[in-house]
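Dropping start13.cif in here (mmCIF, C-alpha atoms):
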```cif
data_work
loop_
_atom_site.group_PDB
_atom_site.id
_atom_site.type_symbol
_atom_site.label_atom_id
_atom_site.label_comp_id
_atom_site.auth_asym_id
_atom_site.auth_seq_id
_atom_site.Cartn_x
_atom_site.Cartn_y
_atom_site.Cartn_z
ATOM 1 C CA MET A 1 49.783 31.622 -59.078
ATOM 2 C CA SER A 2 50.455 30.953 -62.706
ATOM 3 C CA ARG A 3 48.093 32.021 -65.392
ATOM 4 C CA ARG A 4 46.960 29.212 -67.659
ATOM 5 C CA PHE A 5 46.593 29.629 -71.373
ATOM 6 C CA SER A 6 43.135 29.225 -72.720
ATOM 7 C CA MET A 7 44.399 28.339 -76.184
ATOM 8 C CA GLU A 8 47.120 26.119 -77.602
ATOM 9 C CA LEU A 9 50.209 27.925 -78.850
ATOM 10 C CA PRO A 10 51.722 27.009 -82.201
ATOM 11 C CA GLU A 11 54.574 24.529 -81.755
ATOM 12 C CA GLU A 12 57.282 26.931 -82.933
ATOM 13 C CA THR A 13 56.168 29.605 -80.445
ATOM 14 C CA ARG A 14 55.969 26.976 -77.726
ATOM 15 C CA LEU A 15 59.520 25.769 -78.352
ATOM 16 C CA GLU A 16 60.786 29.332 -78.584
ATOM 17 C CA ARG A 17 59.218 30.159 -75.242
ATOM 18 C CA ILE A 18 60.679 27.044 -73.610
ATOM 19 C CA SER A 19 64.162 27.793 -74.892
ATOM 20 C CA ALA A 20 63.782 31.398 -73.735
ATOM 21 C CA LEU A 21 63.231 30.299 -70.112
ATOM 22 C CA ARG A 22 65.982 31.493 -67.795
ATOM 23 C CA GLY A 23 66.987 31.225 -64.146
ATOM 24 C CA PHE A 24 64.215 30.216 -61.745
ATOM 25 C CA ASP A 25 61.678 29.530 -64.524
ATOM 26 C CA LYS A 26 64.079 27.216 -66.340
ATOM 27 C CA ALA A 27 65.005 25.396 -63.137
ATOM 28 C CA ILE A 28 61.358 24.858 -62.206
ATOM 29 C CA TYR A 29 60.662 23.629 -65.749
ATOM 30 C CA GLY A 30 63.280 20.918 -65.173
ATOM 31 C CA TYR A 31 61.771 20.077 -61.793
ATOM 32 C CA ALA A 32 58.256 19.890 -63.233
ATOM 33 C CA LYS A 33 59.386 17.439 -65.898
ATOM 34 C CA THR A 34 61.151 15.305 -63.300
ATOM 35 C CA LEU A 35 58.090 15.428 -61.049
ATOM 36 C CA ALA A 36 55.885 14.223 -63.865
ATOM 37 C CA ALA A 37 58.305 11.407 -64.670
ATOM 38 C CA THR A 38 59.245 10.238 -61.178
ATOM 39 C CA ALA A 39 55.789 10.380 -59.684
ATOM 40 C CA GLY A 40 54.277 8.535 -62.620
ATOM 41 C CA PHE A 41 52.221 11.586 -63.379
ATOM 42 C CA SER A 42 51.284 12.603 -66.847
ATOM 43 C CA ILE A 43 53.282 14.892 -69.064
ATOM 44 C CA LYS A 44 50.997 16.477 -71.552
ATOM 45 C CA PRO A 45 51.932 15.023 -74.953
ATOM 46 C CA PRO A 46 52.781 17.577 -77.613
ATOM 47 C CA PRO A 47 49.867 18.268 -79.926
ATOM 48 C CA PRO A 48 49.933 16.052 -83.018
ATOM 49 C CA ARG A 49 51.555 17.641 -86.026
ATOM 50 C CA LYS A 50 49.110 18.673 -88.644
ATOM 51 C CA THR A 51 50.022 16.982 -91.906
ATOM 52 C CA VAL A 52 49.629 19.383 -94.762
ATOM 53 C CA LYS A 53 48.951 17.732 -98.080
ATOM 54 C CA SER A 54 50.894 18.886 -101.122
ATOM 55 C CA ILE A 55 47.666 19.520 -102.999
ATOM 56 C CA ASP A 56 46.608 21.974 -100.270
ATOM 57 C CA LEU A 57 50.026 23.644 -100.388
ATOM 58 C CA VAL A 58 49.757 24.154 -104.128
ATOM 59 C CA TYR A 59 46.241 25.548 -103.869
ATOM 60 C CA GLN A 60 47.206 27.837 -100.977
ATOM 61 C CA TYR A 61 50.232 29.073 -102.933
ATOM 62 C CA LEU A 62 48.111 30.058 -105.930
ATOM 63 C CA LYS A 63 45.738 31.797 -103.544
ATOM 64 C CA SER A 64 48.541 33.634 -101.760
ATOM 65 C CA VAL A 65 50.066 34.990 -104.981
ATOM 66 C CA ASN A 66 46.564 35.906 -106.154
ATOM 67 C CA ALA A 67 46.885 34.097 -109.481
ATOM 68 C CA ARG A 68 43.656 35.076 -111.179
ATOM 69 C CA ASP A 69 44.494 35.077 -114.897
ATOM 70 C CA PHE A 70 47.099 33.890 -117.361
ATOM 71 C CA GLU A 71 49.414 36.804 -116.669
ATOM 72 C CA SER A 72 49.423 36.370 -112.918
ATOM 73 C CA GLY A 73 49.190 32.562 -113.171
ATOM 74 C CA LYS A 74 52.111 30.284 -112.369
ATOM 75 C CA GLY A 75 53.746 27.389 -114.145
ATOM 76 C CA SER A 76 54.275 24.027 -112.467
ATOM 77 C CA LYS A 77 58.085 24.439 -112.392
ATOM 78 C CA GLU A 78 57.828 27.793 -110.660
ATOM 79 C CA ILE A 79 55.362 26.482 -108.068
ATOM 80 C CA ALA A 80 57.607 23.464 -107.411
ATOM 81 C CA LYS A 81 60.611 25.740 -106.911
ATOM 82 C CA GLN A 82 58.744 28.017 -104.520
ATOM 83 C CA LEU A 83 57.293 25.185 -102.446
ATOM 84 C CA GLY A 84 60.363 22.966 -102.508
ATOM 85 C CA LEU A 85 58.424 20.086 -104.052
ATOM 86 C CA SER A 86 59.244 17.988 -107.087
ATOM 87 C CA THR A 87 57.817 19.148 -110.430
ATOM 88 C CA SER A 88 56.066 15.824 -111.015
ATOM 89 C CA MET A 89 54.339 16.039 -107.616
ATOM 90 C CA VAL A 90 53.184 19.602 -108.344
ATOM 91 C CA SER A 91 51.976 18.568 -111.824
ATOM 92 C CA GLN A 92 49.936 15.753 -110.277
ATOM 93 C CA CYS A 93 48.430 18.083 -107.714
ATOM 94 C CA LEU A 94 47.610 20.675 -110.358
ATOM 95 C CA SER A 95 45.902 18.147 -112.632
ATOM 96 C CA ARG A 96 43.766 16.986 -109.685
ATOM 97 C CA LEU A 97 42.899 20.575 -108.813
ATOM 98 C CA VAL A 98 41.959 21.214 -112.451
ATOM 99 C CA GLU A 99 39.769 18.081 -112.413
ATOM 100 C CA LYS A 100 37.973 19.335 -109.334
ATOM 101 C CA GLY A 101 37.464 22.731 -110.954
ATOM 102 C CA LEU A 102 39.410 24.565 -108.265
ATOM 103 C CA VAL A 103 42.154 25.656 -110.643
ATOM 104 C CA LYS A 104 42.091 26.614 -114.311
ATOM 105 C CA SER A 105 44.864 25.849 -116.767
ATOM 106 C CA GLU A 106 45.600 27.759 -119.926
ATOM 107 C CA GLN A 107 48.156 27.033 -122.616
ATOM 108 C CA ARG A 108 49.698 29.718 -124.814
ATOM 109 C CA GLY A 109 52.398 28.359 -127.082
ATOM 110 C CA ARG A 110 54.565 26.104 -124.979
ATOM 111 C CA ARG A 111 53.675 27.783 -121.718
ATOM 112 C CA ILE A 112 50.994 26.347 -119.432
ATOM 113 C CA ARG A 113 49.885 28.594 -116.613
ATOM 114 C CA TYR A 114 47.649 27.719 -113.683
ATOM 115 C CA TYR A 115 45.378 30.163 -111.877
ATOM 116 C CA LEU A 116 42.272 30.354 -109.763
ATOM 117 C CA PRO A 117 38.941 30.646 -111.540
ATOM 118 C CA MET B 1 75.511 40.422 -48.884
ATOM 119 C CA ALA B 2 76.687 38.237 -51.734
ATOM 120 C CA GLU B 3 79.911 40.227 -52.102
ATOM 121 C CA SER B 4 80.978 39.180 -48.610
ATOM 122 C CA LEU B 5 81.190 35.500 -49.568
ATOM 123 C CA SER B 6 84.758 34.300 -49.758
ATOM 124 C CA LEU B 7 86.226 32.567 -52.773
ATOM 125 C CA GLU B 8 86.491 29.382 -50.713
ATOM 126 C CA VAL B 9 82.751 29.358 -50.017
ATOM 127 C CA LEU B 10 81.981 30.101 -53.662
ATOM 128 C CA VAL B 11 84.190 27.218 -54.765
ATOM 129 C CA SER B 12 82.402 24.926 -52.292
ATOM 130 C CA VAL B 13 79.073 25.858 -53.864
ATOM 131 C CA ALA B 14 80.492 25.434 -57.367
ATOM 132 C CA CYS B 15 81.806 21.977 -56.447
ATOM 133 C CA ARG B 16 78.338 21.049 -55.165
ATOM 134 C CA ARG B 17 79.595 20.585 -51.608
ATOM 135 C CA ARG B 18 76.988 20.915 -48.891
ATOM 136 C CA VAL B 19 76.710 24.492 -47.665
ATOM 137 C CA GLY B 20 74.349 26.183 -45.245
ATOM 138 C CA ASP B 21 71.027 27.717 -46.242
ATOM 139 C CA ASP B 22 72.368 31.171 -45.349
ATOM 140 C CA VAL B 23 75.036 30.834 -48.049
ATOM 141 C CA LEU B 24 72.472 29.660 -50.592
ATOM 142 C CA GLU B 25 70.200 32.554 -49.682
ATOM 143 C CA GLN B 26 72.976 35.026 -50.372
ATOM 144 C CA LEU B 27 73.583 33.520 -53.795
ATOM 145 C CA LEU B 28 69.958 33.395 -54.909
ATOM 146 C CA SER B 29 69.216 36.610 -56.746
ATOM 147 C CA ASP B 30 65.624 35.745 -57.666
ATOM 148 C CA GLU B 31 63.089 36.724 -55.018
ATOM 149 C CA ARG B 32 60.982 33.623 -55.794
ATOM 150 C CA ALA B 33 63.965 31.332 -55.220
ATOM 151 C CA ARG B 34 64.691 32.949 -51.853
ATOM 152 C CA ARG B 35 61.043 32.609 -50.860
ATOM 153 C CA LEU B 36 61.058 28.958 -51.927
ATOM 154 C CA LEU B 37 64.154 28.315 -49.830
ATOM 155 C CA TYR B 38 62.410 29.855 -46.812
ATOM 156 C CA TYR B 39 59.202 27.822 -47.251
ATOM 157 C CA LEU B 40 61.145 24.607 -47.841
ATOM 158 C CA ARG B 41 63.083 25.215 -44.628
ATOM 159 C CA ARG B 42 59.781 25.695 -42.809
ATOM 160 C CA LEU B 43 58.303 22.540 -44.354
ATOM 161 C CA LYS B 44 61.359 20.506 -43.358
ATOM 162 C CA GLY B 45 61.219 21.845 -39.813
ATOM 163 C CA ARG B 46 57.538 20.956 -39.566
ATOM 164 C CA VAL B 47 58.152 17.421 -40.845
ATOM 165 C CA LYS B 48 60.846 16.960 -38.219
ATOM 166 C CA ARG B 49 58.610 18.226 -35.419
ATOM 167 C CA ILE B 50 55.774 15.889 -36.442
ATOM 168 C CA SER B 51 58.232 12.984 -36.610
ATOM 169 C CA ASP B 52 59.420 13.805 -33.092
ATOM 170 C CA VAL B 53 55.841 13.646 -31.813
ATOM 171 C CA ILE B 54 54.695 10.552 -33.730
ATOM 172 C CA ASP B 55 57.885 8.571 -33.329
ATOM 173 C CA PRO B 56 59.679 9.982 -30.287
ATOM 174 C CA SER B 57 63.121 8.666 -29.512
ATOM 175 C CA PHE B 58 63.791 7.336 -26.033
ATOM 176 C CA ALA B 59 67.291 7.819 -24.785
ATOM 177 C CA GLU B 60 66.946 5.298 -22.004
ATOM 178 C CA SER B 61 64.300 2.767 -21.097
ATOM 179 C CA LYS B 62 64.264 1.738 -17.461
ATOM 180 C CA SER B 63 61.555 -0.840 -17.954
ATOM 181 C CA PRO B 64 62.051 -2.428 -21.348
ATOM 182 C CA TRP B 65 59.890 -5.467 -20.643
ATOM 183 C CA LEU B 66 56.398 -4.067 -21.120
ATOM 184 C CA ASP B 67 53.502 -6.340 -21.939
ATOM 185 C CA GLU B 68 50.982 -5.523 -24.661
ATOM 186 C CA ALA B 69 48.515 -3.795 -22.329
ATOM 187 C CA GLU B 70 51.183 -1.609 -20.730
ATOM 188 C CA LEU B 71 52.612 -0.636 -24.076
ATOM 189 C CA ALA B 72 49.126 0.165 -25.414
ATOM 190 C CA GLU B 73 48.466 2.341 -22.360
ATOM 191 C CA LEU B 74 51.752 4.164 -22.913
ATOM 192 C CA VAL B 75 50.954 4.802 -26.593
ATOM 193 C CA LYS B 76 47.419 5.911 -25.711
ATOM 194 C CA ARG B 77 48.737 8.422 -23.194
ATOM 195 C CA LEU B 78 51.409 9.679 -25.555
ATOM 196 C CA TYR B 79 48.989 10.344 -28.419
ATOM 197 C CA GLY B 80 46.305 11.587 -26.019
ATOM 198 C CA MET B 81 48.663 14.199 -24.674
ATOM 199 C CA SER B 82 49.966 15.300 -28.052
ATOM 200 C CA ARG B 83 46.756 15.100 -30.084
ATOM 201 C CA ALA B 84 46.056 18.837 -30.056
ATOM 202 C CA LYS B 85 49.684 19.528 -30.899
ATOM 203 C CA LEU B 86 49.627 16.998 -33.758
ATOM 204 C CA GLU B 87 46.432 18.500 -35.206
ATOM 205 C CA GLN B 88 48.016 21.938 -35.141
ATOM 206 C CA LEU B 89 51.204 20.620 -36.754
ATOM 207 C CA PHE B 90 49.264 18.836 -39.504
ATOM 208 C CA ASN B 91 47.336 22.019 -40.283
ATOM 209 C CA GLN B 92 50.570 23.978 -40.456
ATOM 210 C CA LEU B 93 52.116 21.281 -42.650
ATOM 211 C CA VAL B 94 49.265 21.646 -45.149
ATOM 212 C CA ILE B 95 49.742 25.428 -45.143
ATOM 213 C CA ASP B 96 53.511 25.053 -45.611
ATOM 214 C CA LEU B 97 52.998 22.824 -48.615
ATOM 215 C CA GLN B 98 50.508 25.297 -50.051
ATOM 216 C CA MET B 99 53.077 28.074 -49.719
ATOM 217 C CA VAL B 100 55.746 25.957 -51.433
ATOM 218 C CA MET B 101 53.328 25.147 -54.256
ATOM 219 C CA GLN B 102 52.295 28.771 -54.618
ATOM 220 C CA THR B 103 55.935 29.810 -54.993
ATOM 221 C CA VAL B 104 56.739 26.998 -57.434
ATOM 222 C CA LEU B 105 53.712 27.800 -59.557
ATOM 223 C CA ASN B 106 54.709 31.453 -59.783
ATOM 224 C CA VAL B 107 56.616 30.794 -63.010
ATOM 225 C CA ASP B 108 56.222 31.459 -66.716
ATOM 226 C CA PRO B 109 52.827 30.029 -67.801
ATOM 227 C CA VAL B 110 54.537 27.989 -70.530
ATOM 228 C CA VAL B 111 56.051 25.733 -67.807
ATOM 229 C CA ASP B 112 52.624 24.788 -66.524
ATOM 230 C CA MET B 113 51.271 24.432 -70.021
ATOM 231 C CA GLU B 114 54.043 22.042 -71.004
ATOM 232 C CA THR B 115 54.329 19.924 -67.880
ATOM 233 C CA ASN B 116 50.925 20.024 -66.171
ATOM 234 C CA LEU B 117 52.729 21.282 -63.087
ATOM 235 C CA THR B 118 49.573 22.531 -61.355
ATOM 236 C CA GLU B 119 47.847 19.198 -61.853
ATOM 237 C CA ASN B 120 50.823 17.135 -60.691
ATOM 238 C CA LEU B 121 51.469 19.260 -57.620
ATOM 239 C CA GLY B 122 47.744 19.108 -56.962
ATOM 240 C CA LYS B 123 48.002 15.302 -56.880
ATOM 241 C CA VAL B 124 50.786 15.481 -54.294
ATOM 242 C CA TYR B 125 48.695 17.933 -52.269
ATOM 243 C CA ARG B 126 45.571 15.747 -52.407
ATOM 244 C CA ASP B 127 47.652 12.706 -51.413
ATOM 245 C CA MET B 128 48.913 14.634 -48.425
ATOM 246 C CA VAL B 129 45.442 15.779 -47.368
ATOM 247 C CA ASP B 130 44.173 12.174 -47.671
ATOM 248 C CA SER B 131 47.065 10.927 -45.545
ATOM 249 C CA VAL B 132 46.415 13.598 -42.909
ATOM 250 C CA GLU B 133 42.746 12.583 -42.767
ATOM 251 C CA LYS B 134 43.736 8.922 -42.350
ATOM 252 C CA MET B 135 46.121 9.880 -39.562
ATOM 253 C CA TYR B 136 43.313 11.757 -37.776
ATOM 254 C CA GLU B 137 41.224 8.582 -38.013
ATOM 255 C CA CYS B 138 44.069 6.550 -36.516
ATOM 256 C CA LEU B 139 44.447 9.048 -33.670
ATOM 257 C CA LYS B 140 40.708 8.800 -32.933
ATOM 258 C CA LYS B 141 40.894 4.999 -32.896
ATOM 259 C CA VAL B 142 43.866 5.060 -30.513
ATOM 260 C CA GLU B 143 41.984 7.331 -28.138
ATOM 261 C CA ALA B 144 38.612 5.589 -28.387
ATOM 262 C CA SER B 145 39.666 1.955 -28.137
ATOM 263 C CA ASN B 146 40.190 0.098 -24.894
ATOM 264 C CA PHE B 147 41.636 -3.012 -26.509
ATOM 265 C CA PRO B 148 45.440 -3.088 -26.477
ATOM 266 C CA ASP B 149 45.727 -4.851 -29.842
ATOM 267 C CA GLU B 150 43.487 -2.255 -31.539
ATOM 268 C CA VAL B 151 45.395 0.611 -29.957
ATOM 269 C CA LEU B 152 48.731 -0.800 -31.065
ATOM 270 C CA ASP B 153 47.439 -1.593 -34.585
ATOM 271 C CA SER B 154 46.098 1.942 -35.022
ATOM 272 C CA ALA B 155 49.327 3.438 -33.686
ATOM 273 C CA ALA B 156 51.330 1.294 -36.088
ATOM 274 C CA GLU B 157 49.077 2.371 -38.978
ATOM 275 C CA LEU B 158 49.532 6.009 -37.992
ATOM 276 C CA ARG B 159 53.301 5.650 -38.040
ATOM 277 C CA GLN B 160 53.160 3.802 -41.345
ATOM 278 C CA ILE B 161 51.016 6.480 -43.027
ATOM 279 C CA TRP B 162 53.282 9.186 -41.661
ATOM 280 C CA GLY B 163 56.366 7.334 -42.901
ATOM 281 C CA GLN B 164 54.907 7.113 -46.415
ATOM 282 C CA LEU B 165 53.863 10.752 -46.419
ATOM 283 C CA LYS B 166 57.268 11.845 -45.172
ATOM 284 C CA LEU B 167 58.950 9.870 -47.912
ATOM 285 C CA LYS B 168 56.642 11.326 -50.546
ATOM 286 C CA LEU B 169 57.245 14.886 -49.349
ATOM 287 C CA SER B 170 60.964 14.300 -49.257
ATOM 288 C CA HIS B 171 61.228 12.655 -52.685
ATOM 289 C CA LEU B 172 58.742 14.742 -54.626
ATOM 290 C CA ILE B 173 58.973 18.156 -53.011
ATOM 291 C CA VAL B 174 61.842 18.866 -50.626
ATOM 292 C CA SER B 175 64.861 17.089 -52.145
ATOM 293 C CA PRO B 176 64.283 17.955 -55.823
ATOM 294 C CA LEU B 177 63.435 21.574 -55.058
ATOM 295 C CA GLU B 178 66.474 21.922 -52.835
ATOM 296 C CA GLY B 179 68.475 20.533 -55.736
ATOM 297 C CA VAL B 180 66.965 23.174 -58.025
ATOM 298 C CA LEU B 181 67.946 25.943 -55.604
ATOM 299 C CA ARG B 182 71.459 24.560 -55.149
ATOM 300 C CA GLU B 183 71.946 24.541 -58.930
ATOM 301 C CA LEU B 184 70.711 28.132 -59.194
ATOM 302 C CA ALA B 185 73.105 29.125 -56.415
ATOM 303 C CA ARG B 186 75.902 27.260 -58.189
ATOM 304 C CA GLU B 187 75.315 29.217 -61.405
ATOM 305 C CA GLU B 188 75.585 32.449 -59.448
ATOM 306 C CA ALA B 189 78.687 31.202 -57.616
ATOM 307 C CA LEU B 190 80.382 30.394 -60.941
ATOM 308 C CA LYS B 191 79.594 33.884 -62.207
ATOM 309 C CA ARG B 192 81.065 35.437 -59.065
ATOM 310 C CA ILE B 193 84.177 33.250 -59.248
ATOM 311 C CA SER B 194 84.839 34.308 -62.833
ATOM 312 C CA LEU B 195 84.324 37.944 -61.847
ATOM 313 C CA LEU B 196 86.804 37.569 -59.000
ATOM 314 C CA VAL B 197 89.345 35.779 -61.199
ATOM 315 C CA TYR B 198 89.170 38.292 -64.068
ATOM 316 C CA ALA B 199 89.186 41.255 -61.683
ATOM 317 C CA ARG B 200 92.586 40.092 -60.375
ATOM 318 C CA ARG B 201 94.162 40.061 -63.834
#
```
For the file at hand, write its structure as structure tokens.
Amino acid sequence: MSRRFSMELPEETRLERISALRGFDKAIYGYAKTLAATAGFSIKPPPPRKTVKSIDLVYQYLKSVNARDFESGKGSKEIAKQLGLSTSMVSQCLSRLVEKGLVKSEQRGRRIRYYLP
Amino acid sequence: MAESLSLEVLVSVACRRRVGDDVLEQLLSDERARRLLYYLRRLKGRVKRISDVIDPSFAESKSPWLDEAELAELVKRLYGMSRAKLEQLFNQLVIDLQMVMQTVLNVDPVVDMETNLTENLGKVYRDMVDSVEKMYECLKKVEASNFPDEVLDSAAELRQIWGQLKLKLSHLIVSPLEGVLRELAREEALKRISLLVYARR
């Protein structure tokens, strides 16, 4: 008998495992889907995608690079480049994080760096 | 052995022509697939035997003009005689389905996780057990009643429930799984054909 998972797998792992099915397993996967559809039974819907907010991404990025002071801090352009977001979006997120006191900003000359307090 | 299959037979399988179970068995390399083929064959045989008992075919009827009471008496005797046999066949049918399910569920856990296979097969199984229980009830009514109309009604209900169950087993279990096995055999046949073709070059 098959062993059931006690925890949900991340979607990427799930899809990888499905595409890795071969031979008998793959054929039974097709049958199981048909059975669910033809008999009016339920197919478990995929878990809803977690929407990650840009503000969280920015905060997590600063955390991951361990930006703790001006030297290790990052500028908005650099963060935008790393995260693939627009500079204006990152600037907005950073100003909100600064307002909440989660991120500090420091200006030296023309350079503004952001880091965790 | 698979090597003994001729190119003609392999082409028949590749073209999805109907071939015997023995040919399919030789082309199925996975042990689970071979086991499934065996249990499906057993399930089909059992369904046929139950059908023969519940709805026997008469080659010739010397007295076709039976009234209701005579017909009821005939049905009562028929089911009275074959009740023990039917009970045994129903029990074996349940076991056969369990074996098919056990083999089908012996797959990568991700299949079950994605498709709720255990739950859906469980529904088919519960449906079958319910139908078998209803058929037992019908058999009891046929035996216990002395009124021809009741006997004939119960017999008709029994045949109706069996007809529905047979259809369900055929459409949800036997036919699609046979299709799965034929496709697996076809994949293997294509591999063997290409091996034969390239070996000749």
Residues of chain B near chain A: apply a cut-off of 12 Å, count all atoms listed in the file, and supply the list as a PDB file with C-alpha atoms, keeping the file's coordinate frame.
```pdb
ATOM      1  CA  LEU B  28      69.958  33.395 -54.909  1.00  0.00           C
ATOM      2  CA  SER B  29      69.216  36.610 -56.746  1.00  0.00           C
ATOM      3  CA  ASP B  30      65.624  35.745 -57.666  1.00  0.00           C
ATOM      4  CA  GLU B  31      63.089  36.724 -55.018  1.00  0.00           C
ATOM      5  CA  ARG B  32      60.982  33.623 -55.794  1.00  0.00           C
ATOM      6  CA  ALA B  33      63.965  31.332 -55.220  1.00  0.00           C
ATOM      7  CA  ARG B  34      64.691  32.949 -51.853  1.00  0.00           C
ATOM      8  CA  ARG B  35      61.043  32.609 -50.860  1.00  0.00           C
ATOM      9  CA  LEU B  36      61.058  28.958 -51.927  1.00  0.00           C
ATOM     10  CA  GLN B  98      50.508  25.297 -50.051  1.00  0.00           C
ATOM     11  CA  MET B  99      53.077  28.074 -49.719  1.00  0.00           C
ATOM     12  CA  VAL B 100      55.746  25.957 -51.433  1.00  0.00           C
ATOM     13  CA  MET B 101      53.328  25.147 -54.256  1.00  0.00           C
ATOM     14  CA  GLN B 102      52.295  28.771 -54.618  1.00  0.00           C
ATOM     15  CA  THR B 103      55.935  29.810 -54.993  1.00  0.00           C
ATOM     16  CA  VAL B 104      56.739  26.998 -57.434  1.00  0.00           C
ATOM     17  CA  LEU B 105      53.712  27.800 -59.557  1.00  0.00           C
ATOM     18  CA  ASN B 106      54.709  31.453 -59.783  1.00  0.00           C
ATOM     19  CA  VAL B 107      56.616  30.794 -63.010  1.00  0.00           C
ATOM     20  CA  ASP B 108      56.222  31.459 -66.716  1.00  0.00           C
ATOM     21  CA  PRO B 109      52.827  30.029 -67.801  1.00  0.00           C
ATOM     22  CA  VAL B 110      54.537  27.989 -70.530  1.00  0.00           C
ATOM     23  CA  VAL B 111      56.051  25.733 -67.807  1.00  0.00           C
ATOM     24  CA  ASP B 112      52.624  24.788 -66.524  1.00  0.00           C
ATOM     25  CA  MET B 113      51.271  24.432 -70.021  1.00  0.00           C
ATOM     26  CA  GLU B 114      54.043  22.042 -71.004  1.00  0.00           C
ATOM     27  CA  THR B 115      54.329  19.924 -67.880  1.00  0.00           C
ATOM     28  CA  ASN B 116      50.925  20.024 -66.171  1.00  0.00           C
ATOM     29  CA  LEU B 117      52.729  21.282 -63.087  1.00  0.00           C
ATOM     30  CA  THR B 118      49.573  22.531 -61.355  1.00  0.00           C
ATOM     31  CA  GLU B 119      47.847  19.198 -61.853  1.00  0.00           C
ATOM     32  CA  ASN B 120      50.823  17.135 -60.691  1.00  0.00           C
ATOM     33  CA  LEU B 121      51.469  19.260 -57.620  1.00  0.00           C
ATOM     34  CA  GLY B 122      47.744  19.108 -56.962  1.00  0.00           C
ATOM     35  CA  LYS B 123      48.002  15.302 -56.880  1.00  0.00           C
ATOM     36  CA  VAL B 124      50.786  15.481 -54.294  1.00  0.00           C
ATOM     37  CA  ASP B 127      47.652  12.706 -51.413  1.00  0.00           C
ATOM     38  CA  LYS B 168      56.642  11.326 -50.546  1.00  0.00           C
ATOM     39  CA  LEU B 169      57.245  14.886 -49.349  1.00  0.00           C
ATOM     40  CA  HIS B 171      61.228  12.655 -52.685  1.00  0.00           C
ATOM     41  CA  LEU B 172      58.742  14.742 -54.626  1.00  0.00           C
ATOM     42  CA  ILE B 173      58.973  18.156 -53.011  1.00  0.00           C
ATOM     43  CA  VAL B 174      61.842  18.866 -50.626  1.00  0.00           C
ATOM     44  CA  SER B 175      64.861  17.089 -52.145  1.00  0.00           C
ATOM     45  CA  PRO B 176      64.283  17.955 -55.823  1.00  0.00           C
ATOM     46  CA  LEU B 177      63.435  21.574 -55.058  1.00  0.00           C
ATOM     47  CA  GLU B 178      66.474  21.922 -52.835  1.00  0.00           C
ATOM     48  CA  GLY B 179      68.475  20.533 -55.736  1.00  0.00           C
ATOM     49  CA  VAL B 180      66.965  23.174 -58.025  1.00  0.00           C
ATOM     50  CA  LEU B 181      67.946  25.943 -55.604  1.00  0.00           C
ATOM     51  CA  ARG B 182      71.459  24.560 -55.149  1.00  0.00           C
ATOM     52  CA  GLU B 183      71.946  24.541 -58.930  1.00  0.00           C
ATOM     53  CA  LEU B 184      70.711  28.132 -59.194  1.00  0.00           C
ATOM     54  CA  ALA B 185      73.105  29.125 -56.415  1.00  0.00           C
ATOM     55  CA  ARG B 186      75.902  27.260 -58.189  1.00  0.00           C
ATOM     56  CA  GLU B 187      75.315  29.217 -61.405  1.00  0.00           C
ATOM     57  CA  GLU B 188      75.585  32.449 -59.448  1.00  0.00           C
TER      58      GLU B 188
END
```
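If you measure from each of B:Leu66, B:Ala155, B:Ala189, B:Leu40 to Lys134 of chain B using only C-alpha atoms, the closest one turns out to be B:Ala155.
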Near Lys76 of chain B, within 9 Å and counting all atoms listed in the file, which residues show up once chain neighbours fewer than 6 positions away are dropped, as an MDAnalysis selection string?
chainID B and resid 142:143 151:152 155
Edge lengths and centre, in Å to one decimal, as lines of an AutoDock Vina configuration file: that's what I need for the box along x, y and z that holds all listed atoms of segment 167-179 of chain B plus 8 Å on each side.
```
center_x = 62.6
center_y = 15.9
center_z = -51.9
size_x = 27.8
size_y = 28.1
size_z = 23.9
```
Name the residues that the PyMOL selection byres ((chain A and resi 61-65) around 8) picks from the file above, as a PyMOL selection string, using the file's chain letters and numbers.
chain A and resi 57-60+66-67+73-74+79+115-116
Quick one: residues within 7 Å of Thr87 of chain A, all atoms listed in the file, excluding same-chain residues fewer than 5 positions away - as a PDB file with C-alpha atoms, keeping the file's coordinate frame?
```pdb
ATOM      1  CA  SER A  76      54.275  24.027-112.467  1.00  0.00           C
ATOM      2  CA  LYS A  77      58.085  24.439-112.392  1.00  0.00           C
ATOM      3  CA  ALA A  80      57.607  23.464-107.411  1.00  0.00           C
TER       4      ALA A  80
END
```
Please, what distance in Å, to one decimal, runs between atom CA of Trp162 of chain B and atom CA of Ala69 of chain B?
23.8 Å
